[in-house]
Amino acid sequence: MSEQEIKVPDLGGADEVEIIEILVSVGDSVEAEDSILTVETDKASVDLPSPGAGKITKLSVKVGDKVKEGDVVAMMDAGGAAGGADDEPEAKSESESSADSDEKPEPEKPKPEPKKKSGGSRTETVLVPPLDGMEDVPVIEVNISEGDTIEVDASLVTVESDKASMDIPSPYAGKVVKVLVNEGDKLSEGDKLLEMTVADDSDEDDEDQSETAADSGQEAKPEPEADDKPSKEPEAQPQSSTYEPPSPGSRVHAGPAVRKLARELGADMARIKGSGPKSRILKDDVNDYVKSQLQQTQQGSSGAGTGSGIPGVKLPDFSQFGDIEREPMSRMMAVTASNMQRSWLNVPHVTQFEDADISDMEAFRKAQKAAGEKRGVKMTPLPFILKACATALAELPQFNVSLDLERKEVVRKQYIHIGIAVDTPNGLMVPVIRDVDQKGLWELAAESAELAQKARDRKLKPAEMQGACFTITSLGGIGGTAFTPIVNTPEVAILGVSRAAMKPVWDGSEFQPRLMLPLSLSYDHRAVNGADAARFTSLLSQLLGDIRSLLL
Ligand code: CAO
């Protein structure tokens with residue numbers, strides 16, 4: 001075992017630099033050259049590499065600390081005498097190479113090739129400036145496109161060595177004519193970056209600039225590594241895991257190790273919200289982003305984001321329009337919202353409408369009033385509708401299925417349990433009546449009333465809300481002529497019932513006043529085809545139109 005100090009290497013002339021991210025913890029095992037922490041100079045951010053392989057035993061600094069060359073930032077157990085001996089020269093060469101890397105992020109402004117004049121403007125070919133000895137540095141981002149109008153110092157491309165990433169700035173203001181590099185290309189000094197047209201009236205200025213850049217190298221500042229461009233400052237994003245599509249031209253701000261991590265995890269940096277200084281993306285931001293994406297995938301779309309690649313809804317500041325109050329969503333509301341959205345996004349919905357003539361059914365139902373009072377049960381249209389649906393599900397079993405898309409199987413149910421949507425002060429609940437096909441109307445009336453009351457009293461047990469094959473949502477007691485309910489997945493259909501109303505119905509020779517019940521059957525078009533849906537609602541209409549057929 002040999003304890004080894006990890007020191008800040010030569011910072012290429014920078015006096016003090018700020019630690020903006022610590023990439024290891026005590027106890028972490030690191031390999032030689034693994035990034036230990038990221039510091040930021042006014043030119044670039046640089047990862048300080050480990051001088052060898054070993055285990056971190058102590059961290060002597062924290063984020064925000066200022067450090068200078070030679071400061072000890074951490075201690076490591078280099079893993080024994082042999083390892084230590086091996087590490088020693090490596091440590092040296094590392095610190096040398098770190099020194100190199102620190103000088104790297106100061107590319108001069110690209111040296112222009114001789115100008116080609118054309119009318120009021122000239123064409124310039126922009127070349128890669130000196131990269132302090134670095135060669136074949138990969139391009140990780142091309143920040144301009146053909147046709148872009150850019151300012152002097154606008155970032156043209158971002159290159160990244162294993163130690164630092166930096167932007168190569170434009171020596172001119174003008175219009176990009178041709179981009180000569182692609183992401184992944186490896187660049188060395190003198191390589192052609194792009195062609196651009198530059199207005200002739202700025203000839204002198206540009207000449208001055210290019211001379212300055214070429215001669216002094218002083219103004220050849222790389223943009224702070226992948227920093228935001230003044231022309232396209234991304235707006236601060238609200239605190240939300242909502243997916244926001246990257247705004248065109250928006251830039252990300254992150255160190256090489258973080259970029260590498262994002263690349264390894266396949267995370268698009270433009271979609272990650274940075275929590276570091278100047279919205280810098282930190283390692284934890286990448287991990288949190290990947291975690292949230294995984295959670296969304298596992299849970300389906302939930303919360304404000306859709307999880308479907310569809311941008312979430314952006315909220316304005318409502319208080320600008322008047323007084324507002326905010327209150328947390330109840331758990332039930334949040335769950336309902338999530339379920340509705342998941343179903344809406346996953347299921348191709350179609351709704352089939354039908355009117356059932358329930359004049360006779362209503363006459364019969366009303367005739368049961370006294371009997372109901374005796375039993376202490378109120379007979380509403382719902383038990384008839386439940387019974388009709390159970391019969392239709394038995395006759396058209398393609399509605400009594402769920403789709404298992406992972407296994408590419410259709411799950412056919414040999415039982416008929418039907419959920420009823422109940423409006424409660426706390427939100428929508430869906431208790432389930434089991435074996436509806438085996439129960440009589442009085443039994444169904446009693447059970448639906450009991451379950452609805454339990455739902456309103458928040459006394460339903462989880463088991464009483466599980467196992468439905470199909471759902472009925474009746475707004476008949478409230479009103480409306482039709483609506484398009486959302487399928488209660490993994491069921492494949494739901495029946496919406498609206499308020500019955502007297503309508504003139506043509507009997508072949510004259511109009512008759514009939515009590516018509518509007519039915520709206522929404523179904524999952526992956527499981528059910530339109531013809532079957534029309535068969536289902538026609539059958540319901542027929543069964544409710546002549547309830548004697550329910551006995552058959
Ligand atoms: N047409 C005309 N009248 C109707 C009717 C219809 N389709 N359905 C019910 N009615 C009548 C009933 O007969 C009753 O009238 P009387 O008091 O004169 O007898 C009255 O409306 C109230 O009925 P109800 O709503 O209490 O009872 P129900 O069995 O019809 O419904 C339940 C029970 C639990 C389904 C219902 O109370 C409920 O909560 N409905 C809302 C469901 C909901 O919110 N769905 C939306 C889901 S999607 O957001």
# chains A, B, ... in the order shown; residues from 1 in each chain; ligands from 1
call {"tool": "residues_near_ligand", "arguments": {"ligand": "ligand 1", "cutoff": "6 Å", "atoms": "only C-alpha atoms and all ligand atoms", "output": "list of chain:residue names"}}
result
A:Thr380, A:Pro381, A:Leu382, A:Ala421, A:Val422, A:Asp423, A:Ala452, A:Thr473, A:Ser474, A:Leu475, A:Gly476, A:Gly477, A:Pro485, A:Val497, A:Ser498, A:Arg499, A:Ala500
call {"tool": "atom_distance", "arguments": {"atom1": "atom CA of Lys175 of chain A", "atom2": "atom CA of Val198 of chain A"}}
result
6.7 Å
call {"tool": "closest_residue", "arguments": {"among": "A:Thr471, A:Leu451, A:Val377, A:Met502", "to": "Ile420 of chain A", "atoms": "only C-alpha atoms"}}
result
A:Thr471
call {"tool": "closest_residue", "arguments": {"among": "A:Ser25, A:Arg407, A:Ile486, A:Met429", "to": "Pro462 of chain A", "atoms": "only C-alpha atoms"}}
result
A:Met429
call {"tool": "residues_around", "arguments": {"residues": "Asp47 of chain A", "least_positions_apart": "3", "cutoff": "8 Å", "atoms": "only C-alpha atoms", "output": "PyMOL selection string"}}
result
chain A and resi 35-39+163-164+255-257
call {"tool": "write_last_selection", "arguments": {"atoms": "N, CA, C and O atoms", "output": "mmCIF file, in the first residue's frame"}}
result
data_model
loop_
_atom_site.group_PDB
_atom_site.id
_atom_site.type_symbol
_atom_site.label_atom_id
_atom_site.label_comp_id
_atom_site.auth_asym_id
_atom_site.auth_seq_id
_atom_site.Cartn_x
_atom_site.Cartn_y
_atom_site.Cartn_z
ATOM 1 N N SER A 35 -10.794 10.933 -14.607
ATOM 2 C CA SER A 35 -10.951 12.307 -14.135
ATOM 3 C C SER A 35 -11.281 12.318 -12.654
ATOM 4 O O SER A 35 -12.153 11.576 -12.197
ATOM 5 N N ILE A 36 -10.590 13.163 -11.914
ATOM 6 C CA ILE A 36 -10.809 13.274 -10.468
ATOM 7 C C ILE A 36 -11.764 14.431 -10.187
ATOM 8 O O ILE A 36 -12.694 14.321 -9.409
ATOM 9 N N LEU A 37 -11.496 15.546 -10.835
ATOM 10 C CA LEU A 37 -12.378 16.704 -10.664
ATOM 11 C C LEU A 37 -12.241 17.604 -11.877
ATOM 12 O O LEU A 37 -11.343 17.434 -12.705
ATOM 13 N N THR A 38 -13.176 18.534 -11.977
ATOM 14 C CA THR A 38 -13.153 19.470 -13.098
ATOM 15 C C THR A 38 -12.923 20.867 -12.556
ATOM 16 O O THR A 38 -13.568 21.268 -11.574
ATOM 17 N N VAL A 39 -11.990 21.568 -13.150
ATOM 18 C CA VAL A 39 -11.777 22.969 -12.778
ATOM 19 C C VAL A 39 -12.117 23.831 -13.987
ATOM 20 O O VAL A 39 -12.108 23.369 -15.125
ATOM 21 N N LYS A 163 -8.652 15.319 -22.096
ATOM 22 C CA LYS A 163 -8.466 16.155 -20.906
ATOM 23 C C LYS A 163 -9.364 17.386 -20.892
ATOM 24 O O LYS A 163 -9.662 17.929 -19.844
ATOM 25 N N ALA A 164 -9.697 17.886 -22.031
ATOM 26 C CA ALA A 164 -10.446 19.156 -22.054
ATOM 27 C C ALA A 164 -11.269 19.242 -23.317
ATOM 28 O O ALA A 164 -10.970 18.594 -24.316
ATOM 29 N N GLY A 255 -18.084 19.412 -18.744
ATOM 30 C CA GLY A 255 -16.695 19.001 -18.867
ATOM 31 C C GLY A 255 -16.548 17.711 -19.654
ATOM 32 O O GLY A 255 -17.530 17.013 -19.916
ATOM 33 N N PRO A 256 -15.330 17.388 -20.018
ATOM 34 C CA PRO A 256 -15.100 16.203 -20.853
ATOM 35 C C PRO A 256 -15.583 14.907 -20.215
ATOM 36 O O PRO A 256 -16.159 14.068 -20.887
ATOM 37 N N ALA A 257 -15.339 14.770 -18.893
ATOM 38 C CA ALA A 257 -15.738 13.507 -18.263
ATOM 39 C C ALA A 257 -17.249 13.351 -18.294
ATOM 40 O O ALA A 257 -17.776 12.259 -18.501
#
call {"tool": "residues_around", "arguments": {"residues": "Ile140 of chain A", "least_positions_apart": "5", "cutoff": "8 Å", "atoms": "only C-alpha atoms", "output": "PyMOL selection string"}}
result
chain A and resi 157-160+183-184
call {"tool": "write_last_selection", "arguments": {"atoms": "N, CA, C and O atoms", "output": "PDB file, in the first residue's frame"}}
result
ATOM      1  N   VAL A 157     -16.883  25.077 -33.866  1.00  0.00           N
ATOM      2  CA  VAL A 157     -16.969  23.659 -33.499  1.00  0.00           C
ATOM      3  C   VAL A 157     -16.441  23.499 -32.086  1.00  0.00           C
ATOM      4  O   VAL A 157     -15.696  24.341 -31.583  1.00  0.00           O
ATOM      5  N   THR A 158     -16.855  22.405 -31.432  1.00  0.00           N
ATOM      6  CA  THR A 158     -16.289  22.054 -30.140  1.00  0.00           C
ATOM      7  C   THR A 158     -15.448  20.807 -30.345  1.00  0.00           C
ATOM      8  O   THR A 158     -15.900  19.843 -30.971  1.00  0.00           O
ATOM      9  N   VAL A 159     -14.208  20.883 -29.887  1.00  0.00           N
ATOM     10  CA  VAL A 159     -13.347  19.714 -29.991  1.00  0.00           C
ATOM     11  C   VAL A 159     -13.073  19.216 -28.587  1.00  0.00           C
ATOM     12  O   VAL A 159     -13.174  19.971 -27.618  1.00  0.00           O
ATOM     13  N   GLU A 160     -12.740  17.975 -28.486  1.00  0.00           N
ATOM     14  CA  GLU A 160     -12.543  17.421 -27.145  1.00  0.00           C
ATOM     15  C   GLU A 160     -11.379  16.440 -27.145  1.00  0.00           C
ATOM     16  O   GLU A 160     -11.383  15.468 -27.888  1.00  0.00           O
ATOM     17  N   GLU A 183     -19.127  16.015 -37.188  1.00  0.00           N
ATOM     18  CA  GLU A 183     -18.875  15.449 -35.864  1.00  0.00           C
ATOM     19  C   GLU A 183     -18.095  14.156 -36.023  1.00  0.00           C
ATOM     20  O   GLU A 183     -18.383  13.355 -36.916  1.00  0.00           O
ATOM     21  N   GLY A 184     -17.097  13.990 -35.185  1.00  0.00           N
ATOM     22  CA  GLY A 184     -16.296  12.765 -35.256  1.00  0.00           C
ATOM     23  C   GLY A 184     -15.019  12.955 -36.054  1.00  0.00           C
ATOM     24  O   GLY A 184     -14.071  12.186 -35.910  1.00  0.00           O
TER      25      GLY A 184
END
call {"tool": "residues_around", "arguments": {"residues": "Lys439 of chain A", "least_positions_apart": "6", "cutoff": "12 Å", "atoms": "only C-alpha atoms", "output": "list in words"}}
result
Pro383, Phe384, Leu386, Lys387, Ala388, Ala390, Thr391, Ile416, His417, Ile418, Ile433, Ala445, Ala446, Glu447, Ser448, Leu550 and Leu551 of chain A
